[in-house]
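Visitor: Input final.pdb, format and content: PDB, C-alpha atoms.
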```pdb
MODEL        1
ATOM      1  CA  MET O  30    -152.826 235.080 167.350
ATOM      2  CA  GLU O  31    -151.149 233.459 164.406
ATOM      3  CA  GLU O  32    -150.575 229.730 164.602
ATOM      4  CA  ASN O  33    -146.767 229.885 164.691
ATOM      5  CA  ASN O  34    -146.510 232.802 167.092
ATOM      6  CA  LYS O  35    -143.374 232.431 169.196
ATOM      7  CA  GLN O  36    -144.235 234.834 171.979
ATOM      8  CA  ARG O  37    -143.356 233.902 175.540
ATOM      9  CA  VAL O  38    -143.526 235.407 178.990
ATOM     10  CA  THR O  39    -142.034 234.452 182.333
ATOM     11  CA  LEU O  40    -144.254 234.153 185.377
ATOM     12  CA  MET O  41    -143.276 234.251 189.043
ATOM     13  CA  ILE O  42    -145.667 232.943 191.670
ATOM     14  CA  ALA O  43    -145.492 232.978 195.457
ATOM     15  CA  THR O  44    -147.809 231.675 198.142
ATOM     16  CA  ASN O  45    -147.898 230.669 201.782
ATOM     17  CA  MET O  46    -147.820 226.981 202.674
ATOM     18  CA  ASP O  47    -151.562 226.434 203.212
ATOM     19  CA  GLY O  48    -152.631 228.291 200.065
ATOM     20  CA  SER O  49    -154.667 230.876 201.954
ATOM     21  CA  GLU O  50    -152.553 233.791 200.736
ATOM     22  CA  LYS O  51    -151.423 233.981 197.119
ATOM     23  CA  LEU O  52    -149.289 236.959 196.153
ATOM     24  CA  LYS O  53    -150.058 239.020 193.065
ATOM     25  CA  LEU O  54    -148.424 237.400 190.052
ATOM     26  CA  LEU O  55    -145.324 238.921 188.468
ATOM     27  CA  LEU O  56    -145.388 238.671 184.665
ATOM     28  CA  ILE O  57    -142.289 239.453 182.592
ATOM     29  CA  GLY O  58    -142.685 240.123 178.874
ATOM     30  CA  LYS O  59    -140.524 241.495 176.070
ATOM     31  CA  SER O  60    -142.362 244.712 175.245
ATOM     32  CA  ASN O  61    -142.268 247.776 177.477
ATOM     33  CA  ARG O  62    -145.501 249.040 175.991
ATOM     34  CA  PRO O  63    -147.631 246.115 174.814
ATOM     35  CA  ARG O  64    -150.243 247.174 172.285
ATOM     36  CA  SER O  65    -153.084 245.437 174.123
ATOM     37  CA  PHE O  66    -152.256 247.334 177.330
ATOM     38  CA  ARG O  67    -153.167 250.676 175.761
ATOM     39  CA  GLY O  68    -156.061 252.183 177.651
ATOM     40  CA  VAL O  69    -155.590 249.783 180.571
ATOM     41  CA  LYS O  70    -154.928 251.712 183.779
ATOM     42  CA  TRP O  71    -154.876 248.801 186.229
ATOM     43  CA  LEU O  72    -153.494 245.277 185.771
ATOM     44  CA  LEU O  73    -154.294 242.032 187.561
ATOM     45  CA  VAL O  74    -150.560 241.278 187.691
ATOM     46  CA  GLU O  75    -147.299 243.111 188.249
ATOM     47  CA  TYR O  76    -145.714 243.630 184.841
ATOM     48  CA  GLN O  77    -142.035 244.027 183.907
ATOM     49  CA  ALA O  78    -140.215 243.712 180.581
ATOM     50  CA  ASN O  79    -136.807 243.079 179.071
ATOM     51  CA  SER O  80    -135.538 241.915 175.695
ATOM     52  CA  LYS O  81    -135.615 238.204 176.633
ATOM     53  CA  ALA O  82    -138.602 238.128 179.011
ATOM     54  CA  TRP O  83    -136.254 236.835 181.713
ATOM     55  CA  MET O  84    -136.263 237.215 185.452
ATOM     56  CA  THR O  85    -133.248 239.386 186.276
ATOM     57  CA  GLY O  86    -131.578 240.438 189.494
ATOM     58  CA  ALA O  87    -132.864 244.008 189.050
ATOM     59  CA  ILE O  88    -136.474 242.890 188.566
ATOM     60  CA  PHE O  89    -136.283 240.528 191.522
ATOM     61  CA  GLU O  90    -134.816 243.206 193.793
ATOM     62  CA  GLU O  91    -137.533 245.701 192.880
ATOM     63  CA  TRP O  92    -140.262 243.105 193.474
ATOM     64  CA  LEU O  93    -138.748 242.017 196.788
ATOM     65  CA  LEU O  94    -138.292 245.547 198.130
ATOM     66  CA  ASN O  95    -141.900 246.402 197.273
ATOM     67  CA  LEU O  96    -143.053 243.213 198.996
ATOM     68  CA  ASP O  97    -140.974 244.099 202.050
ATOM     69  CA  ASN O  98    -142.731 247.475 202.231
ATOM     70  CA  GLN O  99    -146.125 245.796 201.991
ATOM     71  CA  PHE O 100    -145.394 243.467 204.889
ATOM     72  CA  GLY O 101    -143.972 246.397 206.842
ATOM     73  CA  ASN O 102    -147.235 248.306 206.423
ATOM     74  CA  MET O 103    -149.086 245.248 207.729
ATOM     75  CA  LYS O 104    -146.682 244.908 210.684
ATOM     76  CA  ARG O 105    -145.766 241.379 209.576
ATOM     77  CA  LYS O 106    -142.501 239.493 209.364
ATOM     78  CA  ILE O 107    -142.114 236.435 207.129
ATOM     79  CA  ILE O 108    -139.542 233.932 205.923
ATOM     80  CA  LEU O 109    -139.386 233.505 202.154
ATOM     81  CA  PHE O 110    -137.992 230.301 200.635
ATOM     82  CA  ILE O 111    -136.569 230.874 197.148
ATOM     83  CA  ASN O 112    -134.457 229.129 194.523
ATOM     84  CA  ASN O 113    -130.703 229.577 194.503
ATOM     85  CA  CYS O 114    -130.017 231.165 191.102
ATOM     86  CA  PRO O 115    -128.154 234.198 189.678
ATOM     87  CA  ALA O 116    -131.404 236.144 189.306
ATOM     88  CA  HIS O 117    -131.939 235.993 193.084
ATOM     89  CA  PRO O 118    -128.999 237.968 194.523
ATOM     90  CA  LYS O 119    -128.241 237.147 198.145
ATOM     91  CA  ASP O 120    -126.906 240.585 199.042
ATOM     92  CA  ILE O 121    -130.446 241.986 198.906
ATOM     93  CA  GLN O 122    -131.032 240.570 202.406
ATOM     94  CA  GLN O 123    -129.304 243.501 204.086
ATOM     95  CA  ARG O 124    -131.875 245.877 202.593
ATOM     96  CA  LEU O 125    -134.873 243.907 203.841
ATOM     97  CA  LYS O 126    -136.513 244.698 207.174
ATOM     98  CA  PHE O 127    -139.516 242.380 207.293
ATOM     99  CA  ILE O 128    -138.521 239.454 205.040
ATOM    100  CA  LYS O 129    -135.972 236.774 205.912
ATOM    101  CA  LEU O 130    -134.663 234.963 202.831
ATOM    102  CA  ALA O 131    -133.962 231.231 202.928
ATOM    103  CA  PHE O 132    -132.216 229.915 199.811
ATOM    104  CA  PHE O 133    -132.629 226.294 198.752
ATOM    105  CA  PRO O 134    -129.336 224.447 198.143
ATOM    106  CA  PRO O 135    -128.093 224.577 194.523
ATOM    107  CA  ASN O 136    -129.408 221.869 192.169
ATOM    108  CA  MET O 137    -132.027 220.714 194.683
ATOM    109  CA  THR O 138    -135.005 222.668 193.373
ATOM    110  CA  SER O 139    -136.884 219.626 192.063
ATOM    111  CA  LYS O 140    -136.753 217.965 195.479
ATOM    112  CA  LEU O 141    -137.148 220.843 197.934
ATOM    113  CA  GLN O 142    -139.063 223.596 196.162
ATOM    114  CA  PRO O 143    -142.796 223.171 196.980
ATOM    115  CA  LEU O 144    -143.876 224.948 193.798
ATOM    116  CA  ASP O 145    -142.035 222.307 191.754
ATOM    117  CA  GLN O 146    -143.995 219.516 193.434
ATOM    118  CA  GLY O 147    -147.058 220.295 191.318
ATOM    119  CA  ILE O 148    -148.128 223.903 191.934
ATOM    120  CA  ILE O 149    -146.460 225.325 188.826
ATOM    121  CA  GLN O 150    -147.740 222.432 186.732
ATOM    122  CA  ASN O 151    -151.234 223.031 188.107
ATOM    123  CA  VAL O 152    -151.116 226.687 187.068
ATOM    124  CA  LYS O 153    -149.938 225.774 183.558
ATOM    125  CA  CYS O 154    -152.602 223.103 183.178
ATOM    126  CA  HIS O 155    -155.472 225.413 184.117
ATOM    127  CA  TYR O 156    -154.078 228.293 182.053
ATOM    128  CA  ARG O 157    -153.766 226.144 178.936
ATOM    129  CA  ARG O 158    -157.295 224.828 179.378
ATOM    130  CA  ARG O 159    -158.601 228.399 179.565
ATOM    131  CA  ILE O 160    -156.709 229.444 176.442
ATOM    132  CA  LEU O 161    -157.956 226.366 174.575
ATOM    133  CA  ARG O 162    -161.550 227.129 175.564
ATOM    134  CA  LYS O 163    -161.121 230.691 174.302
ATOM    135  CA  THR O 164    -159.759 229.515 170.934
ATOM    136  CA  ILE O 165    -162.455 226.835 170.627
ATOM    137  CA  LYS O 166    -165.128 229.494 171.140
ATOM    138  CA  CYS O 167    -163.562 231.626 168.380
ATOM    139  CA  LEU O 168    -163.482 228.659 166.002
ATOM    140  CA  GLU O 169    -167.105 227.735 166.743
ATOM    141  CA  GLU O 170    -168.202 231.327 166.085
ATOM    142  CA  ASN O 171    -165.993 231.627 162.959
ATOM    143  CA  LYS O 172    -164.029 234.462 164.532
ATOM    144  CA  THR O 173    -160.348 235.236 164.088
ATOM    145  CA  ILE O 174    -158.208 233.760 166.863
ATOM    146  CA  ASN O 175    -156.315 236.644 168.377
ATOM    147  CA  ILE O 176    -154.863 235.911 171.820
ATOM    148  CA  THR O 177    -153.195 239.048 173.168
ATOM    149  CA  LEU O 178    -151.032 239.674 176.184
ATOM    150  CA  THR O 179    -154.093 241.069 177.962
ATOM    151  CA  ASP O 180    -155.824 237.703 177.433
ATOM    152  CA  CYS O 181    -152.749 236.016 178.884
ATOM    153  CA  VAL O 182    -152.952 238.259 181.960
ATOM    154  CA  ASP O 183    -156.666 237.598 182.469
ATOM    155  CA  GLU O 184    -156.463 233.835 182.041
ATOM    156  CA  VAL O 185    -153.317 233.197 184.075
ATOM    157  CA  ASN O 186    -154.683 235.344 186.902
ATOM    158  CA  SER O 187    -157.910 233.314 186.904
ATOM    159  CA  ALA O 188    -155.956 230.062 186.769
ATOM    160  CA  TRP O 189    -153.850 231.097 189.766
ATOM    161  CA  ASN O 190    -156.464 232.746 191.975
ATOM    162  CA  THR O 191    -159.530 230.671 191.074
ATOM    163  CA  ASP O 192    -158.512 227.269 189.719
ATOM    164  CA  VAL O 193    -155.491 226.366 191.871
ATOM    165  CA  ARG O 194    -157.088 225.187 195.098
ATOM    166  CA  PRO O 195    -155.541 225.743 198.539
ATOM    167  CA  GLU O 196    -155.441 222.008 199.215
ATOM    168  CA  ILE O 197    -153.250 221.492 196.132
ATOM    169  CA  ILE O 198    -150.787 224.056 197.451
ATOM    170  CA  SER O 199    -150.865 222.556 200.950
ATOM    171  CA  ASN O 200    -150.233 219.041 199.624
ATOM    172  CA  CYS O 201    -147.265 220.196 197.537
ATOM    173  CA  PHE O 202    -145.682 221.878 200.556
ATOM    174  CA  LYS O 203    -146.120 218.660 202.527
ATOM    175  CA  LYS O 204    -144.588 216.700 199.673
ATOM    176  CA  ALA O 205    -141.526 218.971 199.885
ATOM    177  CA  GLY O 206    -141.160 218.293 203.610
ATOM    178  CA  PHE O 207    -143.057 221.239 205.081
ATOM    179  CA  GLY O 208    -145.580 220.557 207.795
ATOM    180  CA  GLN O 209    -147.305 217.305 208.643
ATOM    181  CA  TYR O 210    -145.139 214.933 206.606
ATOM    182  CA  SER O 211    -141.790 216.509 207.336
ATOM    183  CA  GLU O 212    -140.612 213.410 209.222
ATOM    184  CA  TRP O 213    -140.552 211.398 205.981
ATOM    185  CA  GLU O 214    -137.273 212.210 204.255
ATOM    186  CA  ASN O 215    -137.689 209.980 201.234
ATOM    187  CA  GLU O 216    -140.580 209.852 198.797
ATOM    188  CA  ASP O 217    -140.991 206.120 199.385
ATOM    189  CA  GLU O 218    -141.738 206.806 203.052
ATOM    190  CA  ILE O 219    -144.617 209.209 202.420
ATOM    191  CA  PRO O 220    -148.005 207.579 203.202
ATOM    192  CA  LEU O 221    -149.393 205.897 200.090
ATOM    193  CA  ILE O 222    -152.827 207.497 200.488
ATOM    194  CA  PHE O 223    -151.222 210.940 200.257
ATOM    195  CA  ILE O 224    -149.396 210.018 197.038
ATOM    196  CA  SER O 225    -152.484 208.418 195.499
ATOM    197  CA  GLU O 226    -154.601 211.502 196.182
ATOM    198  CA  ARG O 227    -152.009 213.744 194.479
ATOM    199  CA  LEU O 228    -151.772 211.436 191.464
ATOM    200  CA  LYS O 229    -155.557 211.283 191.166
ATOM    201  CA  GLU O 230    -155.862 215.074 191.216
ATOM    202  CA  ARG O 231    -153.136 215.506 188.605
ATOM    203  CA  ARG O 232    -154.552 212.750 186.395
ATOM    204  CA  GLU O 233    -158.041 214.299 186.341
ATOM    205  CA  GLU O 234    -156.665 217.700 185.390
ATOM    206  CA  GLU O 235    -154.510 216.263 182.601
ATOM    207  CA  ILE O 236    -157.476 214.310 181.203
ATOM    208  CA  GLN O 237    -159.589 217.474 181.087
ATOM    209  CA  LEU O 238    -156.758 219.373 179.401
ATOM    210  CA  GLN O 239    -156.337 216.622 176.791
ATOM    211  CA  MET O 240    -160.073 216.660 176.039
ATOM    212  CA  GLU O 241    -159.939 220.422 175.455
ATOM    213  CA  TYR O 242    -156.890 219.997 173.226
ATOM    214  CA  GLU O 243    -158.525 217.271 171.112
ATOM    215  CA  ALA O 244    -161.659 219.416 170.709
ATOM    216  CA  TRP O 245    -159.499 222.315 169.532
ATOM    217  CA  GLU O 246    -157.565 220.088 167.101
ATOM    218  CA  ASN O 247    -160.781 218.676 165.629
ATOM    219  CA  LEU O 248    -162.169 222.155 165.005
ATOM    220  CA  LYS O 249    -158.931 223.242 163.305
ATOM    221  CA  GLY O 250    -159.475 220.532 160.711
ATOM    222  CA  LYS O 251    -155.823 219.577 160.492
ATOM    223  CA  GLU O 252    -153.185 217.975 162.633
ATOM    224  CA  GLY O 253    -150.932 220.147 164.755
ATOM    225  CA  VAL O 254    -148.372 219.320 167.391
ATOM    226  CA  THR O 255    -149.035 216.324 169.601
ATOM    227  CA  PHE O 256    -150.651 216.731 172.997
ATOM    228  CA  ASN O 257    -147.397 215.819 174.754
ATOM    229  CA  ASP O 258    -145.532 218.446 172.723
ATOM    230  CA  TYR O 259    -148.155 220.992 173.698
ATOM    231  CA  VAL O 260    -147.948 220.152 177.410
ATOM    232  CA  ASN O 261    -144.147 220.050 177.517
ATOM    233  CA  VAL O 262    -143.435 222.946 175.164
ATOM    234  CA  ASP O 263    -141.690 225.079 177.818
ATOM    235  CA  ASP O 264    -139.992 222.434 179.929
ATOM    236  CA  ASP O 265    -136.466 223.359 178.831
ATOM    237  CA  ILE O 266    -136.876 227.105 178.378
ATOM    238  CA  VAL O 267    -134.520 229.364 180.331
ATOM    239  CA  THR O 268    -136.500 231.758 182.545
ATOM    240  CA  SER O 269    -133.820 233.635 184.476
ATOM    241  CA  GLU O 270    -130.610 235.380 183.610
ATOM    242  CA  PHE O 271    -127.260 233.658 183.496
ATOM    243  CA  PRO O 272    -125.656 236.320 181.309
ATOM    244  CA  THR O 273    -122.772 235.763 178.974
ATOM    245  CA  ASN O 274    -120.653 238.674 177.724
ATOM    246  CA  GLU O 275    -122.780 238.783 174.566
ATOM    247  CA  ASP O 276    -125.975 238.912 176.637
ATOM    248  CA  ILE O 277    -124.655 241.841 178.686
ATOM    249  CA  ILE O 278    -123.684 243.774 175.534
ATOM    250  CA  GLU O 279    -127.068 243.098 173.922
ATOM    251  CA  PHE O 280    -128.939 244.122 177.068
ATOM    252  CA  CYS O 281    -127.000 247.380 177.409
ATOM    253  CA  ARG O 282    -127.576 248.176 173.737
ATOM    254  CA  SER O 283    -131.335 247.580 174.008
ATOM    255  CA  GLU O 284    -131.563 249.687 177.167
ATOM    256  CA  SER O 285    -129.799 252.600 175.475
ATOM    257  CA  GLU O 286    -132.246 252.767 172.572
ATOM    258  CA  PRO O 287    -134.726 255.682 172.528
ATOM    259  CA  PRO O 288    -138.176 254.725 173.863
ATOM    260  CA  ASP O 289    -139.794 255.296 170.461
ATOM    261  CA  ASN O 290    -137.691 252.506 168.926
ATOM    262  CA  LYS O 291    -138.890 249.858 171.335
ATOM    263  CA  ASP O 292    -141.419 247.337 170.155
ATOM    264  CA  ASP O 293    -144.909 248.012 171.482
ATOM    265  CA  SER O 294    -146.796 245.288 169.635
ATOM    266  CA  ASP O 295    -147.970 241.949 170.930
ATOM    267  CA  SER O 296    -146.615 240.032 167.947
ATOM    268  CA  ASP O 297    -144.474 240.359 164.861
ATOM    269  CA  VAL O 298    -147.674 240.408 162.823
ATOM    270  CA  GLU O 299    -149.613 243.529 163.796
ATOM    271  CA  ASN O 300    -153.056 241.974 163.819
ATOM    272  CA  THR O 301    -154.414 243.999 166.715
ATOM    273  CA  LEU O 302    -156.271 246.986 165.280
ATOM    274  CA  GLU O 303    -156.734 250.269 167.102
ATOM    275  CA  ASP O 304    -160.520 249.843 167.261
ATOM    276  CA  ASN O 305    -160.044 246.518 169.064
ATOM    277  CA  LEU O 306    -158.156 248.101 171.943
ATOM    278  CA  PRO O 307    -160.001 248.083 175.289
ATOM    279  CA  GLN O 308    -162.392 250.994 175.664
ATOM    280  CA  PRO O 309    -164.120 252.031 178.901
ATOM    281  CA  PRO O 310    -167.798 250.968 178.868
ATOM    282  CA  SER O 311    -170.515 253.562 179.230
ATOM    283  CA  ASN O 312    -171.974 254.292 182.668
ATOM    284  CA  THR O 313    -175.335 252.965 181.497
ATOM    285  CA  LEU O 314    -173.813 249.657 180.395
ATOM    286  CA  VAL O 315    -171.980 249.248 183.719
ATOM    287  CA  ALA O 316    -175.121 250.014 185.740
ATOM    288  CA  ASN O 317    -177.181 247.538 183.685
ATOM    289  CA  SER O 318    -174.497 244.875 184.048
ATOM    290  CA  ILE O 319    -174.475 245.267 187.830
ATOM    291  CA  SER O 320    -178.261 244.927 187.830
ATOM    292  CA  VAL O 321    -178.062 241.740 185.753
ATOM    293  CA  LEU O 322    -175.416 240.259 188.061
ATOM    294  CA  ARG O 323    -177.537 241.112 191.093
ATOM    295  CA  SER O 324    -180.486 239.251 189.598
ATOM    296  CA  PHE O 325    -178.239 236.306 188.785
ATOM    297  CA  LEU O 326    -176.943 236.080 192.359
ATOM    298  CA  LYS O 327    -180.427 236.380 193.867
ATOM    299  CA  THR O 328    -181.759 233.530 191.737
ATOM    300  CA  ASN O 329    -178.815 231.164 192.282
ATOM    301  CA  GLU O 330    -178.943 228.788 195.237
ATOM    302  CA  HIS O 331    -175.134 228.660 195.480
ATOM    303  CA  THR O 332    -174.722 232.386 196.064
ATOM    304  CA  THR O 333    -172.785 233.275 199.209
ATOM    305  CA  ASN O 334    -172.714 236.395 201.347
ATOM    306  CA  SER O 335    -169.145 237.133 200.250
ATOM    307  CA  LEU O 336    -170.135 237.032 196.557
ATOM    308  CA  TYR O 337    -173.124 239.315 197.060
ATOM    309  CA  ASN O 338    -171.202 241.708 199.275
ATOM    310  CA  GLY O 339    -168.460 241.792 196.652
ATOM    311  CA  LEU O 340    -171.012 242.982 194.092
ATOM    312  CA  ASN O 341    -172.131 245.651 196.556
ATOM    313  CA  ASP O 342    -168.527 246.810 196.807
ATOM    314  CA  ILE O 343    -168.280 247.011 193.009
ATOM    315  CA  GLU O 344    -171.490 249.030 192.831
ATOM    316  CA  ALA O 345    -170.282 251.427 195.534
ATOM    317  CA  PHE O 346    -166.959 251.838 193.701
ATOM    318  CA  PHE O 347    -168.763 252.539 190.431
ATOM    319  CA  GLU O 348    -171.130 255.099 191.985
ATOM    320  CA  ASN O 349    -168.206 256.844 193.649
ATOM    321  CA  GLN O 350    -166.385 257.078 190.302
ATOM    322  CA  ILE O 351    -169.279 258.614 188.382
ATOM    323  CA  LYS O 352    -169.747 261.239 191.111
ATOM    324  CA  LYS O 353    -166.199 262.493 190.615
ATOM    325  CA  PRO O 354    -165.831 265.568 188.381
ATOM    326  CA  SER O 355    -164.540 264.770 184.907
ATOM    327  CA  ARG O 356    -161.813 267.391 185.246
ATOM    328  CA  GLN O 357    -160.185 269.385 187.976
ATOM    329  CA  SER O 358    -161.738 272.809 188.539
ATOM    330  CA  GLN O 359    -159.604 275.868 187.933
ATOM    331  CA  ILE O 360    -159.441 278.590 190.555
ATOM    332  CA  THR O 361    -160.444 281.181 187.956
ATOM    333  CA  GLU O 362    -163.808 279.442 187.570
ATOM    334  CA  PHE O 363    -164.834 280.656 191.034
ATOM    335  CA  PHE O 364    -164.614 284.324 189.946
ATOM    336  CA  LYS O 365    -166.838 286.248 187.587
ATOM    337  CA  LEU O 366    -165.340 288.559 185.018
ATOM    338  CA  THR O 367    -166.422 292.170 185.191
TER     339      THR O 367
ENDMDL
END
```
Give the structure from this file in structure tokens form.

Guide:
Amino acid sequence: MEENNKQRVTLMIATNMDGSEKLKLLLIGKSNRPRSFRGVKWLLVEYQANSKAWMTGAIFEEWLLNLDNQFGNMKRKIILFINNCPAHPKDIQQRLKFIKLAFFPPNMTSKLQPLDQGIIQNVKCHYRRRILRKTIKCLEENKTINITLTDCVDEVNSAWNTDVRPEIISNCFKKAGFGQYSEWENEDEIPLIFISERLKERREEEIQLQMEYEAWENLKGKEGVTFNDYVNVDDDIVTSEFPTNEDIIEFCRSESEPPDNKDDSDSDVENTLEDNLPQPPSNTLVANSISVLRSFLKTNEHTTNSLYNGLNDIEAFFENQIKKPSRQSQITEFFKLT
């Protein structure tokens, strides 16, 4: 990706209060058909797009109705706490059967929203570290740095599902007044040991991120933006719609354009070549890779039953796929011509 690339996406995250259940991420970009998604038939995230990469009422409604169906299939009913903003229409409640919406009071997000107590910052921190490590590896190997939207999907999914620990999520919910510490109304009344543990966790993560950033800057061979600029680059960016008349006109105009006119590239500079698009690996390569992973797990003392069983599931899925016919048989193939 070019150094001055201005691409941006909006991410929505949702989780339960103890961090044991994280919902699939919703990623909103600007392109309906991103170039790096060609050939990809399954994504780690839910993907939506509009001209400004904003969360809109329509996107939120679609996501919420799908989530309601999922909980209905599981015979579960939940209460969902969400921000009070124009992109979260309240009239959607009457269409929900298994989700009860609870809106935070206006202008109180920073105090009451658990995700704003450190969860979102934790996701950003781990994501940026992963992207920096990827660019550092490219620089060390003298390769062109080309971070695509697919890379963004992979790294942010790993940051959310692997790096953000359940205890971080649980602590942030407690900080917002959910659970054990709900009797303390003011921050000054929260036990000092709880605050010190949160500060220690955040400090360690920020130190690691800064080390990665300095390593990247040294390899570049020239000064870039400061570390603080890098960390706070999106603090004031609008992420949800609050449409003006001009915004509505622009949105309607973009929606009325023929599909062929819509941008399908990951950047203004088309540096992603066709031969770099993801291609399905050969069956032999997949089988060999599974064998290598099996050897790795067997020779590692930290391997768990769940990890090994997960590999078994992957192998069973792979074997089931290669047994499927490459094309659907035609009825005429069952008859011989005379």

Visitor: Given the PyMOL selection byres ((chain O and resi 182) around 12) and the file above, list the residues it selects as JSON, numbers by chain.

Guide: {"O": [38, 39, 40, 53, 54, 55, 56, 57, 58, 63, 65, 66, 69, 71, 72, 73, 74, 75, 76, 156, 159, 160, 176, 177, 178, 179, 180, 181, 183, 184, 185, 186, 187, 188, 189, 190]}

Visitor: Using only C-alpha atoms, please write the residues we just selected to a file, as an mmCIF file, in the frame of the given file.

Guide:
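Result saved to again-v6.cif:
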```
data_model
loop_
_atom_site.group_PDB
_atom_site.id
_atom_site.type_symbol
_atom_site.label_atom_id
_atom_site.label_comp_id
_atom_site.auth_asym_id
_atom_site.auth_seq_id
_atom_site.Cartn_x
_atom_site.Cartn_y
_atom_site.Cartn_z
ATOM 1 C CA VAL O 38 -143.526 235.407 178.990
ATOM 2 C CA THR O 39 -142.034 234.452 182.333
ATOM 3 C CA LEU O 40 -144.254 234.153 185.377
ATOM 4 C CA LYS O 53 -150.058 239.020 193.065
ATOM 5 C CA LEU O 54 -148.424 237.400 190.052
ATOM 6 C CA LEU O 55 -145.324 238.921 188.468
ATOM 7 C CA LEU O 56 -145.388 238.671 184.665
ATOM 8 C CA ILE O 57 -142.289 239.453 182.592
ATOM 9 C CA GLY O 58 -142.685 240.123 178.874
ATOM 10 C CA PRO O 63 -147.631 246.115 174.814
ATOM 11 C CA SER O 65 -153.084 245.437 174.123
ATOM 12 C CA PHE O 66 -152.256 247.334 177.330
ATOM 13 C CA VAL O 69 -155.590 249.783 180.571
ATOM 14 C CA TRP O 71 -154.876 248.801 186.229
ATOM 15 C CA LEU O 72 -153.494 245.277 185.771
ATOM 16 C CA LEU O 73 -154.294 242.032 187.561
ATOM 17 C CA VAL O 74 -150.560 241.278 187.691
ATOM 18 C CA GLU O 75 -147.299 243.111 188.249
ATOM 19 C CA TYR O 76 -145.714 243.630 184.841
ATOM 20 C CA TYR O 156 -154.078 228.293 182.053
ATOM 21 C CA ARG O 159 -158.601 228.399 179.565
ATOM 22 C CA ILE O 160 -156.709 229.444 176.442
ATOM 23 C CA ILE O 176 -154.863 235.911 171.820
ATOM 24 C CA THR O 177 -153.195 239.048 173.168
ATOM 25 C CA LEU O 178 -151.032 239.674 176.184
ATOM 26 C CA THR O 179 -154.093 241.069 177.962
ATOM 27 C CA ASP O 180 -155.824 237.703 177.433
ATOM 28 C CA CYS O 181 -152.749 236.016 178.884
ATOM 29 C CA ASP O 183 -156.666 237.598 182.469
ATOM 30 C CA GLU O 184 -156.463 233.835 182.041
ATOM 31 C CA VAL O 185 -153.317 233.197 184.075
ATOM 32 C CA ASN O 186 -154.683 235.344 186.902
ATOM 33 C CA SER O 187 -157.910 233.314 186.904
ATOM 34 C CA ALA O 188 -155.956 230.062 186.769
ATOM 35 C CA TRP O 189 -153.850 231.097 189.766
ATOM 36 C CA ASN O 190 -156.464 232.746 191.975
#
```

Visitor: Between O:Phe325, O:Ile108, O:Ala316, O:Asn79, which one has atoms that come closest to Ala345 (chain O), using all atoms listed in the file?

Guide: O:Ala316

Visitor: Using the chain letters and numbers from this file, what does the PyMOL selection byres ((chain O and resi 312) around 12) select? Give the answer as JSON, numbers by chain.

Guide: {"O": [309, 310, 311, 313, 314, 315, 316, 317, 318, 319, 344, 347, 348, 349, 350, 351, 352]}

Visitor: Apply the PyMOL selection byres ((chain O and resi 90) around 12) to the displayed file and report the matching residues as a ChimeraX atom specification.

Guide: /O:84-89,91-97,115-125

Visitor: Could you please take those selected residues and save C-alpha atoms as a PDB file, in the coordinates of the input?

Guide:
```
ATOM      1  CA  MET O  84    -136.263 237.215 185.452  1.00  0.00           C
ATOM      2  CA  THR O  85    -133.248 239.386 186.276  1.00  0.00           C
ATOM      3  CA  GLY O  86    -131.578 240.438 189.494  1.00  0.00           C
ATOM      4  CA  ALA O  87    -132.864 244.008 189.050  1.00  0.00           C
ATOM      5  CA  ILE O  88    -136.474 242.890 188.566  1.00  0.00           C
ATOM      6  CA  PHE O  89    -136.283 240.528 191.522  1.00  0.00           C
ATOM      7  CA  GLU O  91    -137.533 245.701 192.880  1.00  0.00           C
ATOM      8  CA  TRP O  92    -140.262 243.105 193.474  1.00  0.00           C
ATOM      9  CA  LEU O  93    -138.748 242.017 196.788  1.00  0.00           C
ATOM     10  CA  LEU O  94    -138.292 245.547 198.130  1.00  0.00           C
ATOM     11  CA  ASN O  95    -141.900 246.402 197.273  1.00  0.00           C
ATOM     12  CA  LEU O  96    -143.053 243.213 198.996  1.00  0.00           C
ATOM     13  CA  ASP O  97    -140.974 244.099 202.050  1.00  0.00           C
ATOM     14  CA  PRO O 115    -128.154 234.198 189.678  1.00  0.00           C
ATOM     15  CA  ALA O 116    -131.404 236.144 189.306  1.00  0.00           C
ATOM     16  CA  HIS O 117    -131.939 235.993 193.084  1.00  0.00           C
ATOM     17  CA  PRO O 118    -128.999 237.968 194.523  1.00  0.00           C
ATOM     18  CA  LYS O 119    -128.241 237.147 198.145  1.00  0.00           C
ATOM     19  CA  ASP O 120    -126.906 240.585 199.042  1.00  0.00           C
ATOM     20  CA  ILE O 121    -130.446 241.986 198.906  1.00  0.00           C
ATOM     21  CA  GLN O 122    -131.032 240.570 202.406  1.00  0.00           C
ATOM     22  CA  GLN O 123    -129.304 243.501 204.086  1.00  0.00           C
ATOM     23  CA  ARG O 124    -131.875 245.877 202.593  1.00  0.00           C
ATOM     24  CA  LEU O 125    -134.873 243.907 203.841  1.00  0.00           C
TER      25      LEU O 125
END
```

Visitor: Between CA of Arg62 (chain O) and CA of Ile174 (chain O), what distance in Å does the model show, to one decimal?

Guide: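 Separation between CA of Arg62 (chain O) and CA of Ile174 (chain O): 21.9 Å.
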
Visitor: Find, counting only C-alpha atoms, the residue in O:Trp83, O:Phe207, O:Gln77, O:Arg157 that gets nearest to Lys140 (chain O).

Guide: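 When distances to Lys140 (chain O) are compared using only C-alpha atoms, the smallest one comes from O:Phe207.
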
Visitor: Take CA of Asn98 (chain O) and CA of Leu130 (chain O) and report the distance between them in Å, one decimal.

Guide: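 Spanning CA of Asn98 (chain O) to CA of Leu130 (chain O) is a straight-line distance of 14.9 Å.
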
Visitor: Can you tell me how far CA of Ile111 (chain O) sits from CA of Lys126 (chain O), in Å to one decimal?

Guide: 17.1 Å
